[in-house]
>>> print(open('structure_18.pdb').read())   # PDB, C-alpha atoms
ATOM      1  CA  MET A1481      -6.531   6.395 -21.184
ATOM      2  CA  SER A1482      -3.739   6.070 -23.733
ATOM      3  CA  PRO A1483      -1.300   3.144 -23.440
ATOM      4  CA  ASP A1484       1.666   5.400 -22.742
ATOM      5  CA  ARG A1485      -0.097   6.723 -19.625
ATOM      6  CA  ALA A1486      -0.758   3.298 -18.062
ATOM      7  CA  THR A1487       2.390   3.044 -15.930
ATOM      8  CA  VAL A1488       2.010   2.808 -12.147
ATOM      9  CA  VAL A1489       4.874   4.586 -10.348
ATOM     10  CA  VAL A1490       5.253   3.586  -6.703
ATOM     11  CA  LEU A1491       7.352   5.566  -4.247
ATOM     12  CA  GLY A1492       7.926   3.680  -1.030
ATOM     13  CA  SER A1493       9.722   1.516   1.459
ATOM     14  CA  ILE A1494      11.304  -1.872   0.942
ATOM     15  CA  ASN A1495      12.269  -4.027   3.928
ATOM     16  CA  MET A1496      13.325  -7.542   4.735
ATOM     17  CA  ASP A1497      10.819  -8.911   7.255
ATOM     18  CA  ILE A1498      12.355 -11.320   9.765
ATOM     19  CA  VAL A1499       9.359 -13.199  11.159
ATOM     20  CA  VAL A1500       9.280 -15.597  14.113
ATOM     21  CA  THR A1501       6.414 -17.351  15.881
ATOM     22  CA  THR A1502       6.429 -17.092  19.667
ATOM     23  CA  PRO A1503       4.211 -18.682  22.350
ATOM     24  CA  HIS A1504       3.312 -15.166  23.476
ATOM     25  CA  ILE A1505       4.407 -11.600  22.869
ATOM     26  CA  PRO A1506       7.475 -10.932  25.068
ATOM     27  CA  ARG A1507       7.037  -8.645  28.058
ATOM     28  CA  PRO A1508       9.661  -5.990  28.867
ATOM     29  CA  GLY A1509      12.868  -7.704  29.933
ATOM     30  CA  GLU A1510      11.611 -11.186  28.992
ATOM     31  CA  THR A1511      13.371 -13.639  26.667
ATOM     32  CA  VAL A1512      11.242 -16.214  24.861
ATOM     33  CA  LEU A1513      12.190 -19.046  22.535
ATOM     34  CA  ALA A1514      10.674 -18.764  19.057
ATOM     35  CA  GLY A1515      10.277 -21.008  16.058
ATOM     36  CA  GLY A1516      12.491 -20.788  13.009
ATOM     37  CA  ALA A1517      13.011 -17.379  11.446
ATOM     38  CA  ARG A1518      11.487 -16.670   8.054
ATOM     39  CA  TYR A1519      12.984 -14.003   5.799
ATOM     40  CA  LEU A1520      10.155 -12.473   3.779
ATOM     41  CA  PRO A1521      10.377  -9.389   1.536
ATOM     42  CA  GLY A1522       8.172  -6.559   2.763
ATOM     43  CA  GLY A1523       7.802  -2.818   3.165
ATOM     44  CA  LYS A1524       4.520  -1.120   2.283
ATOM     45  CA  GLY A1525       5.841   0.399  -0.923
ATOM     46  CA  ALA A1526       7.310  -2.851  -2.215
ATOM     47  CA  ASN A1527       4.196  -4.785  -1.208
ATOM     48  CA  GLN A1528       1.981  -2.389  -3.157
ATOM     49  CA  ALA A1529       4.279  -2.443  -6.178
ATOM     50  CA  VAL A1530       4.263  -6.254  -6.287
ATOM     51  CA  ALA A1531       0.472  -6.344  -5.989
ATOM     52  CA  ALA A1532       0.015  -3.830  -8.791
ATOM     53  CA  ALA A1533       2.420  -5.722 -11.067
ATOM     54  CA  GLN A1534       0.891  -9.138 -10.357
ATOM     55  CA  LEU A1535      -2.565  -7.714 -11.069
ATOM     56  CA  GLY A1536      -1.745  -6.329 -14.485
ATOM     57  CA  GLY A1537       0.045  -3.023 -13.921
ATOM     58  CA  ASP A1538       3.212  -1.831 -15.642
ATOM     59  CA  VAL A1539       4.956  -0.876 -12.404
ATOM     60  CA  VAL A1540       8.033   1.245 -11.697
ATOM     61  CA  PHE A1541       9.340   1.274  -8.109
ATOM     62  CA  ILE A1542      11.261   4.232  -6.661
ATOM     63  CA  GLY A1543      13.123   3.387  -3.470
ATOM     64  CA  ARG A1544      16.408   2.692  -1.719
ATOM     65  CA  THR A1545      18.136  -0.422  -0.365
ATOM     66  CA  GLY A1546      21.500  -0.977   1.188
ATOM     67  CA  ASP A1547      24.388  -2.385  -0.816
ATOM     68  CA  ASP A1548      24.040  -5.685   1.048
ATOM     69  CA  ASP A1549      22.657  -9.202   0.735
ATOM     70  CA  PHE A1550      19.141  -8.194   1.802
ATOM     71  CA  GLY A1551      19.184  -5.434  -0.793
ATOM     72  CA  TYR A1552      20.210  -7.813  -3.574
ATOM     73  CA  ARG A1553      17.571 -10.344  -2.576
ATOM     74  CA  MET A1554      14.790  -7.770  -2.382
ATOM     75  CA  ARG A1555      15.722  -6.255  -5.729
ATOM     76  CA  ALA A1556      15.684  -9.724  -7.315
ATOM     77  CA  GLY A1557      12.294 -10.391  -5.736
ATOM     78  CA  LEU A1558      10.786  -7.265  -7.253
ATOM     79  CA  HIS A1559      12.279  -8.099 -10.633
ATOM     80  CA  ASP A1560      10.839 -11.626 -10.455
ATOM     81  CA  ALA A1561       7.434 -10.109  -9.674
ATOM     82  CA  ALA A1562       7.627  -8.052 -12.919
ATOM     83  CA  VAL A1563       8.279  -4.756 -11.122
ATOM     84  CA  ARG A1564      10.693  -2.454 -12.981
ATOM     85  CA  VAL A1565      13.660  -1.756 -10.693
ATOM     86  CA  ASP A1566      15.663   0.785 -12.746
ATOM     87  CA  HIS A1567      14.795   3.433 -10.135
ATOM     88  CA  LEU A1568      15.585   1.304  -7.077
ATOM     89  CA  ARG A1569      19.033   2.421  -5.921
ATOM     90  CA  ALA A1570      21.471   0.586  -3.614
ATOM     91  CA  LEU A1571      23.297   2.950  -1.248
ATOM     92  CA  SER A1572      26.880   2.136  -0.307
ATOM     93  CA  GLY A1573      27.485   2.149   3.424
ATOM     94  CA  GLU A1574      23.776   2.012   4.349
ATOM     95  CA  PRO A1575      21.968  -1.112   5.585
ATOM     96  CA  SER A1576      18.741  -2.190   3.956
ATOM     97  CA  GLY A1577      15.519  -1.656   5.859
ATOM     98  CA  VAL A1578      14.608  -4.488   8.206
ATOM     99  CA  ALA A1579      11.415  -5.299  10.127
ATOM    100  CA  PHE A1580      11.522  -7.664  13.106
ATOM    101  CA  VAL A1581       8.155  -9.364  13.552
ATOM    102  CA  ALA A1582       7.101 -11.618  16.444
ATOM    103  CA  VAL A1583       3.736 -13.374  15.987
ATOM    104  CA  ASP A1584       2.072 -15.293  18.828
ATOM    105  CA  THR A1585      -0.180 -18.342  18.551
ATOM    106  CA  GLN A1586      -3.305 -16.139  18.483
ATOM    107  CA  GLY A1587      -2.045 -14.156  15.508
ATOM    108  CA  GLU A1588      -1.174 -11.041  17.507
ATOM    109  CA  ASN A1589       2.115  -9.460  16.577
ATOM    110  CA  VAL A1590       4.684  -6.888  17.575
ATOM    111  CA  ILE A1591       6.836  -5.228  14.921
ATOM    112  CA  VAL A1592      10.032  -3.214  15.194
ATOM    113  CA  VAL A1593      11.214  -1.477  12.009
ATOM    114  CA  SER A1594      14.720  -0.239  11.273
ATOM    115  CA  PRO A1595      14.268   1.936   8.147
ATOM    116  CA  GLY A1596      17.898   1.778   7.025
ATOM    117  CA  ALA A1597      18.314   3.033   3.469
ATOM    118  CA  ASN A1598      14.607   3.929   3.225
ATOM    119  CA  ALA A1599      15.299   6.923   5.440
ATOM    120  CA  GLN A1600      17.924   8.216   3.001
ATOM    121  CA  LEU A1601      15.504   8.857   0.134
ATOM    122  CA  THR A1602      15.453  12.671  -0.015
ATOM    123  CA  PRO A1603      13.258  15.215  -1.824
ATOM    124  CA  THR A1604      16.153  16.225  -4.093
ATOM    125  CA  ASP A1605      16.672  12.562  -5.048
ATOM    126  CA  LEU A1606      13.334  12.670  -6.817
ATOM    127  CA  ASP A1607      14.697  15.000  -9.476
ATOM    128  CA  ALA A1608      16.448  12.001 -11.041
ATOM    129  CA  HIS A1609      13.123  10.162 -11.238
ATOM    130  CA  GLU A1610      10.941  13.013 -12.487
ATOM    131  CA  GLY A1611      10.985  11.816 -16.101
ATOM    132  CA  VAL A1612       9.393   8.446 -15.382
ATOM    133  CA  LEU A1613       6.865  10.048 -13.044
ATOM    134  CA  ALA A1614       5.871  12.571 -15.692
ATOM    135  CA  GLN A1615       4.871   9.689 -18.000
ATOM    136  CA  ALA A1616       2.887   7.761 -15.371
ATOM    137  CA  GLY A1617      -0.777   6.904 -15.580
ATOM    138  CA  ILE A1618      -1.048   6.919 -11.803
ATOM    139  CA  ALA A1619       1.295   7.275  -8.814
ATOM    140  CA  VAL A1620       1.204   5.616  -5.396
ATOM    141  CA  ALA A1621       2.856   6.625  -2.112
ATOM    142  CA  GLN A1622       2.665   5.741   1.593
ATOM    143  CA  LEU A1623       4.301   7.181   4.723
ATOM    144  CA  GLU A1624       7.213   4.787   5.366
ATOM    145  CA  THR A1625       9.695   7.015   3.550
ATOM    146  CA  PRO A1626      10.578  10.514   4.846
ATOM    147  CA  LEU A1627       7.553  12.797   4.875
ATOM    148  CA  PRO A1628       9.306  15.673   3.021
ATOM    149  CA  THR A1629      10.098  13.203   0.222
ATOM    150  CA  VAL A1630       6.471  12.101   0.018
ATOM    151  CA  ALA A1631       5.417  15.762  -0.083
ATOM    152  CA  ARG A1632       7.843  16.481  -2.946
ATOM    153  CA  PHE A1633       6.570  13.414  -4.814
ATOM    154  CA  ALA A1634       3.024  14.745  -4.436
ATOM    155  CA  GLU A1635       4.076  18.161  -5.742
ATOM    156  CA  LEU A1636       5.640  16.559  -8.816
ATOM    157  CA  CYS A1637       2.487  14.539  -9.418
ATOM    158  CA  ARG A1638       0.435  17.736  -9.363
ATOM    159  CA  ALA A1639       2.917  19.523 -11.637
ATOM    160  CA  HIS A1640       2.694  16.734 -14.226
ATOM    161  CA  GLN A1641      -1.057  16.152 -13.732
ATOM    162  CA  VAL A1642      -0.515  12.570 -12.587
ATOM    163  CA  PRO A1643      -3.255  11.254 -10.270
ATOM    164  CA  LEU A1644      -1.812  10.301  -6.875
ATOM    165  CA  ILE A1645      -3.047   7.591  -4.521
ATOM    166  CA  LEU A1646      -1.811   8.362  -1.017
ATOM    167  CA  ASN A1647      -2.083   5.553   1.507
ATOM    168  CA  ALA A1648      -1.647   7.499   4.753
ATOM    169  CA  ALA A1649      -0.009   4.604   6.593
ATOM    170  CA  PRO A1650       1.495   4.380   9.068
ATOM    171  CA  TYR A1651      -0.373   7.526  10.053
ATOM    172  CA  GLN A1652       1.472  10.648  11.115
ATOM    173  CA  PRO A1653       0.490  14.326  11.025
ATOM    174  CA  LEU A1654       0.616  15.510   7.429
ATOM    175  CA  PRO A1655       2.277  18.706   6.192
ATOM    176  CA  ASP A1656       0.163  21.532   4.872
ATOM    177  CA  GLY A1657      -0.690  21.094   1.223
ATOM    178  CA  LEU A1658      -0.005  17.356   0.918
ATOM    179  CA  LEU A1659      -3.644  16.271   0.800
ATOM    180  CA  ALA A1660      -4.431  18.994  -1.736
ATOM    181  CA  CYS A1661      -2.046  17.226  -4.141
ATOM    182  CA  CYS A1662      -3.830  13.870  -3.787
ATOM    183  CA  THR A1663      -6.502  12.514  -6.092
ATOM    184  CA  TYR A1664      -7.218   9.424  -3.995
ATOM    185  CA  LEU A1665      -6.684   9.009  -0.252
ATOM    186  CA  VAL A1666      -6.835   5.517   1.273
ATOM    187  CA  LEU A1667      -7.212   5.114   5.033
ATOM    188  CA  ASN A1668      -8.057   2.240   7.352
ATOM    189  CA  ARG A1669     -10.282   2.737  10.417
ATOM    190  CA  GLU A1670      -7.476   3.849  12.721
ATOM    191  CA  GLU A1671      -5.924   6.195  10.161
ATOM    192  CA  ALA A1672      -9.287   7.780   9.356
ATOM    193  CA  ALA A1673      -9.926   8.357  13.051
ATOM    194  CA  ALA A1674      -6.444   9.819  13.561
ATOM    195  CA  LEU A1675      -6.858  12.245  10.650
ATOM    196  CA  THR A1676     -10.391  13.391  11.431
ATOM    197  CA  GLY A1677     -10.937  12.793  15.150
ATOM    198  CA  VAL A1678     -14.054  10.775  14.243
ATOM    199  CA  PRO A1679     -14.053   7.245  15.750
ATOM    200  CA  VAL A1680     -14.620   4.745  12.924
ATOM    201  CA  THR A1681     -16.365   1.535  13.955
ATOM    202  CA  ASP A1682     -18.826   0.803  11.159
ATOM    203  CA  ARG A1683     -20.136   2.058   7.819
ATOM    204  CA  ALA A1684     -22.147   4.891   9.356
ATOM    205  CA  SER A1685     -19.164   6.282  11.258
ATOM    206  CA  SER A1686     -17.049   5.790   8.129
ATOM    207  CA  ARG A1687     -19.371   8.161   6.285
ATOM    208  CA  ALA A1688     -18.949  10.727   9.060
ATOM    209  CA  ALA A1689     -15.171  10.452   8.741
ATOM    210  CA  LEU A1690     -15.413  10.758   4.963
ATOM    211  CA  ASP A1691     -17.446  13.942   5.341
ATOM    212  CA  ALA A1692     -14.755  15.337   7.658
ATOM    213  CA  VAL A1693     -12.021  14.573   5.116
ATOM    214  CA  ALA A1694     -13.965  16.350   2.366
ATOM    215  CA  GLY A1695     -12.781  19.670   3.746
ATOM    216  CA  TYR A1696      -9.184  18.832   2.866
ATOM    217  CA  GLY A1697      -9.914  18.983  -0.862
ATOM    218  CA  VAL A1698      -9.251  15.338  -1.806
ATOM    219  CA  PRO A1699     -11.644  14.352  -4.641
ATOM    220  CA  HIS A1700     -11.879  10.656  -3.742
ATOM    221  CA  VAL A1701     -11.472   9.270  -0.209
ATOM    222  CA  ILE A1702     -11.639   5.564   0.682
ATOM    223  CA  VAL A1703     -11.911   4.011   4.143
ATOM    224  CA  THR A1704     -11.094   0.296   4.202
ATOM    225  CA  LEU A1705     -12.957  -1.822   6.765
ATOM    226  CA  GLY A1706     -11.128  -5.146   6.606
ATOM    227  CA  GLY A1707     -13.671  -7.954   6.468
ATOM    228  CA  GLU A1708     -16.496  -5.436   5.972
ATOM    229  CA  GLY A1709     -15.355  -4.139   2.581
ATOM    230  CA  CYS A1710     -14.835  -0.400   2.114
ATOM    231  CA  VAL A1711     -16.678   2.901   1.931
ATOM    232  CA  ALA A1712     -15.733   5.799  -0.339
ATOM    233  CA  ARG A1713     -16.794   9.385  -0.921
ATOM    234  CA  THR A1714     -16.470  10.622  -4.483
ATOM    235  CA  GLU A1715     -17.925  13.735  -6.106
ATOM    236  CA  GLY A1716     -20.298  14.274  -3.184
ATOM    237  CA  ARG A1717     -21.742  10.761  -3.114
ATOM    238  CA  TYR A1718     -20.911   7.578  -1.225
ATOM    239  CA  LEU A1719     -19.896   4.184  -2.566
ATOM    240  CA  GLU A1720     -20.145   1.085  -0.396
ATOM    241  CA  ILE A1721     -18.300  -2.030  -1.548
ATOM    242  CA  GLU A1722     -19.401  -5.298  -0.026
ATOM    243  CA  PRO A1723     -16.768  -7.776   1.249
ATOM    244  CA  PHE A1724     -15.956 -11.067  -0.464
ATOM    245  CA  PRO A1725     -16.261 -14.278   1.576
ATOM    246  CA  VAL A1726     -12.910 -16.082   1.884
ATOM    247  CA  THR A1727     -11.172 -18.302   4.416
ATOM    248  CA  VAL A1728      -8.630 -16.062   6.138
ATOM    249  CA  VAL A1729      -5.170 -17.557   6.657
ATOM    250  CA  ASP A1730      -3.080 -14.413   7.125
ATOM    251  CA  SER A1731      -4.311 -10.835   6.754
ATOM    252  CA  THR A1732      -0.774  -9.386   6.669
ATOM    253  CA  GLY A1733      -0.404  -7.178   3.620
ATOM    254  CA  ALA A1734      -4.079  -7.300   2.609
ATOM    255  CA  GLY A1735      -4.300  -3.522   2.842
ATOM    256  CA  ASP A1736      -1.212  -3.139   0.659
ATOM    257  CA  THR A1737      -2.691  -5.541  -1.881
ATOM    258  CA  PHE A1738      -5.851  -3.399  -1.906
ATOM    259  CA  VAL A1739      -3.842  -0.257  -2.680
ATOM    260  CA  GLY A1740      -1.720  -1.920  -5.360
ATOM    261  CA  ALA A1741      -4.796  -3.425  -7.009
ATOM    262  CA  LEU A1742      -6.560  -0.071  -6.925
ATOM    263  CA  GLY A1743      -3.595   1.532  -8.683
ATOM    264  CA  ALA A1744      -3.469  -1.173 -11.356
ATOM    265  CA  ALA A1745      -7.206  -0.929 -12.032
ATOM    266  CA  LEU A1746      -7.266   2.873 -12.236
ATOM    267  CA  ALA A1747      -4.172   2.929 -14.468
ATOM    268  CA  ARG A1748      -5.864   0.712 -17.039
ATOM    269  CA  GLY A1749      -8.902   2.991 -17.087
ATOM    270  CA  ASP A1750     -11.446   1.337 -14.754
ATOM    271  CA  ASP A1751     -13.964   3.699 -13.199
ATOM    272  CA  LEU A1752     -13.758   4.109  -9.426
ATOM    273  CA  PRO A1753     -16.622   1.740  -8.460
ATOM    274  CA  SER A1754     -15.148  -1.037 -10.611
ATOM    275  CA  ALA A1755     -11.623  -0.351  -9.346
ATOM    276  CA  LEU A1756     -12.788  -0.496  -5.730
ATOM    277  CA  ARG A1757     -14.524  -3.831  -6.245
ATOM    278  CA  PHE A1758     -11.414  -5.187  -7.941
ATOM    279  CA  ALA A1759      -9.217  -3.947  -5.084
ATOM    280  CA  THR A1760     -11.558  -5.343  -2.421
ATOM    281  CA  ALA A1761     -11.571  -8.751  -4.099
ATOM    282  CA  ALA A1762      -7.768  -8.698  -4.398
ATOM    283  CA  GLY A1763      -7.416  -7.807  -0.709
ATOM    284  CA  ALA A1764      -9.682 -10.701   0.185
ATOM    285  CA  LEU A1765      -7.603 -13.163  -1.863
ATOM    286  CA  ALA A1766      -4.440 -11.876  -0.188
ATOM    287  CA  CYS A1767      -5.848 -13.092   3.139
ATOM    288  CA  CYS A1768      -5.827 -16.663   1.811
ATOM    289  CA  ARG A1769      -2.017 -16.770   1.632
ATOM    290  CA  VAL A1770       0.870 -16.237   4.044
ATOM    291  CA  GLY A1771       3.136 -13.195   3.752
ATOM    292  CA  ALA A1772       2.935  -9.540   2.851
ATOM    293  CA  GLN A1773       3.934  -9.882  -0.831
ATOM    294  CA  GLN A1774       1.591 -12.019  -2.877
ATOM    295  CA  LEU A1775       2.980 -13.971  -5.835
ATOM    296  CA  GLY A1776       0.364 -16.718  -5.806
ATOM    297  CA  PHE A1777      -2.458 -15.059  -7.739
ATOM    298  CA  GLY A1778      -3.080 -12.610 -10.535
ATOM    299  CA  ARG A1779      -5.765 -10.654 -12.331
ATOM    300  CA  PRO A1780      -7.646 -13.763 -13.606
ATOM    301  CA  ASP A1781      -8.066 -15.002 -10.019
ATOM    302  CA  VAL A1782      -9.507 -11.669  -8.917
ATOM    303  CA  GLU A1783     -11.846 -11.520 -11.887
ATOM    304  CA  ASN A1784     -13.005 -15.074 -11.170
ATOM    305  CA  LEU A1785     -13.895 -14.067  -7.596
ATOM    306  CA  LEU A1786     -15.765 -11.043  -8.929
ATOM    307  CA  ARG A1787     -17.781 -13.251 -11.270
ATOM    308  CA  ARG A1788     -18.653 -15.666  -8.461
ATOM    309  CA  HIS A1789     -19.851 -12.856  -6.192
ATOM    310  CA  PRO A1790     -21.441 -10.118  -8.322
ATOM    311  CA  ALA A1791     -22.397  -8.045  -5.260
ATOM    312  CA  PRO A1792     -23.860  -4.665  -6.220
ATOM    313  CA  THR A1793     -22.165  -1.386  -5.453
ATOM    314  CA  LEU A1794     -24.439   0.562  -3.162
ATOM    315  CA  SER A1795     -24.577   4.337  -3.331
TER
END
>>> encode(input="structure_18.pdb", output="structure tokens")
Amino acid sequence: MSPDRATVVVLGSINMDIVVTTPHIPRPGETVLAGGARYLPGGKGANQAVAAAQLGGDVVFIGRTGDDDFGYRMRAGLHDAAVRVDHLRALSGEPSGVAFVAVDTQGENVIVVSPGANAQLTPTDLDAHEGVLAQAGIAVAQLETPLPTVARFAELCRAHQVPLILNAAPYQPLPDGLLACCTYLVLNREEAAALTGVPVTDRASSRAALDAVAGYGVPHVIVTLGGEGCVARTEGRYLEIEPFPVTVVDSTGAGDTFVGALGAALARGDDLPSALRFATAAGALACCRVGAQQLGFGRPDVENLLRRHPAPTLS
């Protein structure tokens, strides 16, 4: 892959996560006293962009914030993480996206998201960003921005022959033709089951779900299994990536780190088995730190973990 095709372009959401710890998840009508609020940058798109940049990618983020304090802080956070923010626009009169997160003492959580400016990113807005997308090595999208906008992004990727990673999260029914524009589709257990109707509980059922997805025309499909690694179907064969043993502190954002790492690895020319191992190791390291956006480790840390655990790729 030539150097001028190594850019990772991420279309997605950017939110300020307001996180509190509660003794238990509130019941309807109940008021509970929580610990101090933490303000942590989040949003699946921003999380994936930060991961890709921290793990060696040249990352451009396309998104929207409000013209407010949260928007300024989130933009600065992306810039500090080496994400290019020329295509992140602040919208006057719109609030930035916010997620309200309550976490109980067992680690269970409840999340309420107010999309704010994320919901104002329209298909026609993408015309202003087509030039940078046309020069990308790989593109990444999720489903936290309006679905018609994601569909238009996918169409532009196909028009410019840019491989697209679609992380179908949070899952919702997909418009006709969207999957046909994807090169890589990343799903967790629940998303794979929602798309295919096949319950996914283990590696064997993951393969059944992968076979069901094959009919949609996506060349490479990956099902992530949390602490059990991941399973992929590519060119008619399966890849199984073993998990990496780590001490889990907080699994929030591990899936986003996986997607961002996958994008960074593919953009620099790694083959799919190598990219999946790199992404699985990065997702494991993300579980060792608190928060959805990981600034505490980079590509050398992931490569060190890979060297310590040279588990084979099974096919």
>>> closest_residue(input="structure_18.pdb", among="A:Gly1551, A:Pro1655, A:Pro1575, A:Gly1709", to="Tyr1696 in chain A", atoms="only C-alpha atoms")
A:Pro1655
>>> closest_residue(input="structure_18.pdb", among="A:Gly1516, A:Gly1740, A:Gly1577, A:Gly1543", to="Val1565 in chain A", atoms="only C-alpha atoms")
A:Gly1543
>>> closest_residue(input="structure_18.pdb", among="A:Asn1647, A:Thr1545, A:Asn1495, A:Gln1586", to="His1567 in chain A", atoms="only C-alpha atoms")
A:Thr1545
>>> residues_near_point(input="structure_18.pdb", point="(4.6, -13.8, 14.2)", cutoff="7 Å", atoms="all atoms listed in the file", output="list in words")
Val1499, Val1500, Thr1501, Thr1502, Val1581, Ala1582, Val1583, Asp1584, Gly1587 and Asn1589 of chain A
>>> write_last_selection(input="structure_18.pdb", atoms="C-alpha atoms", output="PDB file, keeping the file's coordinate frame")
ATOM      1  CA  VAL A1499       9.359 -13.199  11.159  1.00  0.00           C
ATOM      2  CA  VAL A1500       9.280 -15.597  14.113  1.00  0.00           C
ATOM      3  CA  THR A1501       6.414 -17.351  15.881  1.00  0.00           C
ATOM      4  CA  THR A1502       6.429 -17.092  19.667  1.00  0.00           C
ATOM      5  CA  VAL A1581       8.155  -9.364  13.552  1.00  0.00           C
ATOM      6  CA  ALA A1582       7.101 -11.618  16.444  1.00  0.00           C
ATOM      7  CA  VAL A1583       3.736 -13.374  15.987  1.00  0.00           C
ATOM      8  CA  ASP A1584       2.072 -15.293  18.828  1.00  0.00           C
ATOM      9  CA  GLY A1587      -2.045 -14.156  15.508  1.00  0.00           C
ATOM     10  CA  ASN A1589       2.115  -9.460  16.577  1.00  0.00           C
TER      11      ASN A1589
END
>>> residues_around(input="structure_18.pdb", residues="range 1629-1646 of chain A", least_positions_apart="3", cutoff="6 Å", atoms="all atoms listed in the file", output="PyMOL selection string")
chain A and resi 1602-1603+1614+1618-1622+1626+1658+1661-1665
>>> resolve_selection(input="structure_18.pdb", expression="the PyMOL selection byres ((chain A and resi 1492) around 8)", output="compact mmCIF listing (two decimals) with C-alpha atoms, in the coordinates of the input")
# COMPACT_ATOMS: atom_id res chain seq x y z
CA VAL A 1490 5.25 3.59 -6.70
CA LEU A 1491 7.35 5.57 -4.25
CA SER A 1493 9.72 1.52 1.46
CA ILE A 1494 11.30 -1.87 0.94
CA GLY A 1523 7.80 -2.82 3.16
CA LYS A 1524 4.52 -1.12 2.28
CA GLY A 1525 5.84 0.40 -0.92
CA ALA A 1526 7.31 -2.85 -2.22
CA PHE A 1541 9.34 1.27 -8.11
CA ILE A 1542 11.26 4.23 -6.66
CA GLY A 1543 13.12 3.39 -3.47
CA ASN A 1598 14.61 3.93 3.22
CA ALA A 1621 2.86 6.62 -2.11
CA GLN A 1622 2.66 5.74 1.59
CA LEU A 1623 4.30 7.18 4.72
CA GLU A 1624 7.21 4.79 5.37
CA THR A 1625 9.70 7.02 3.55
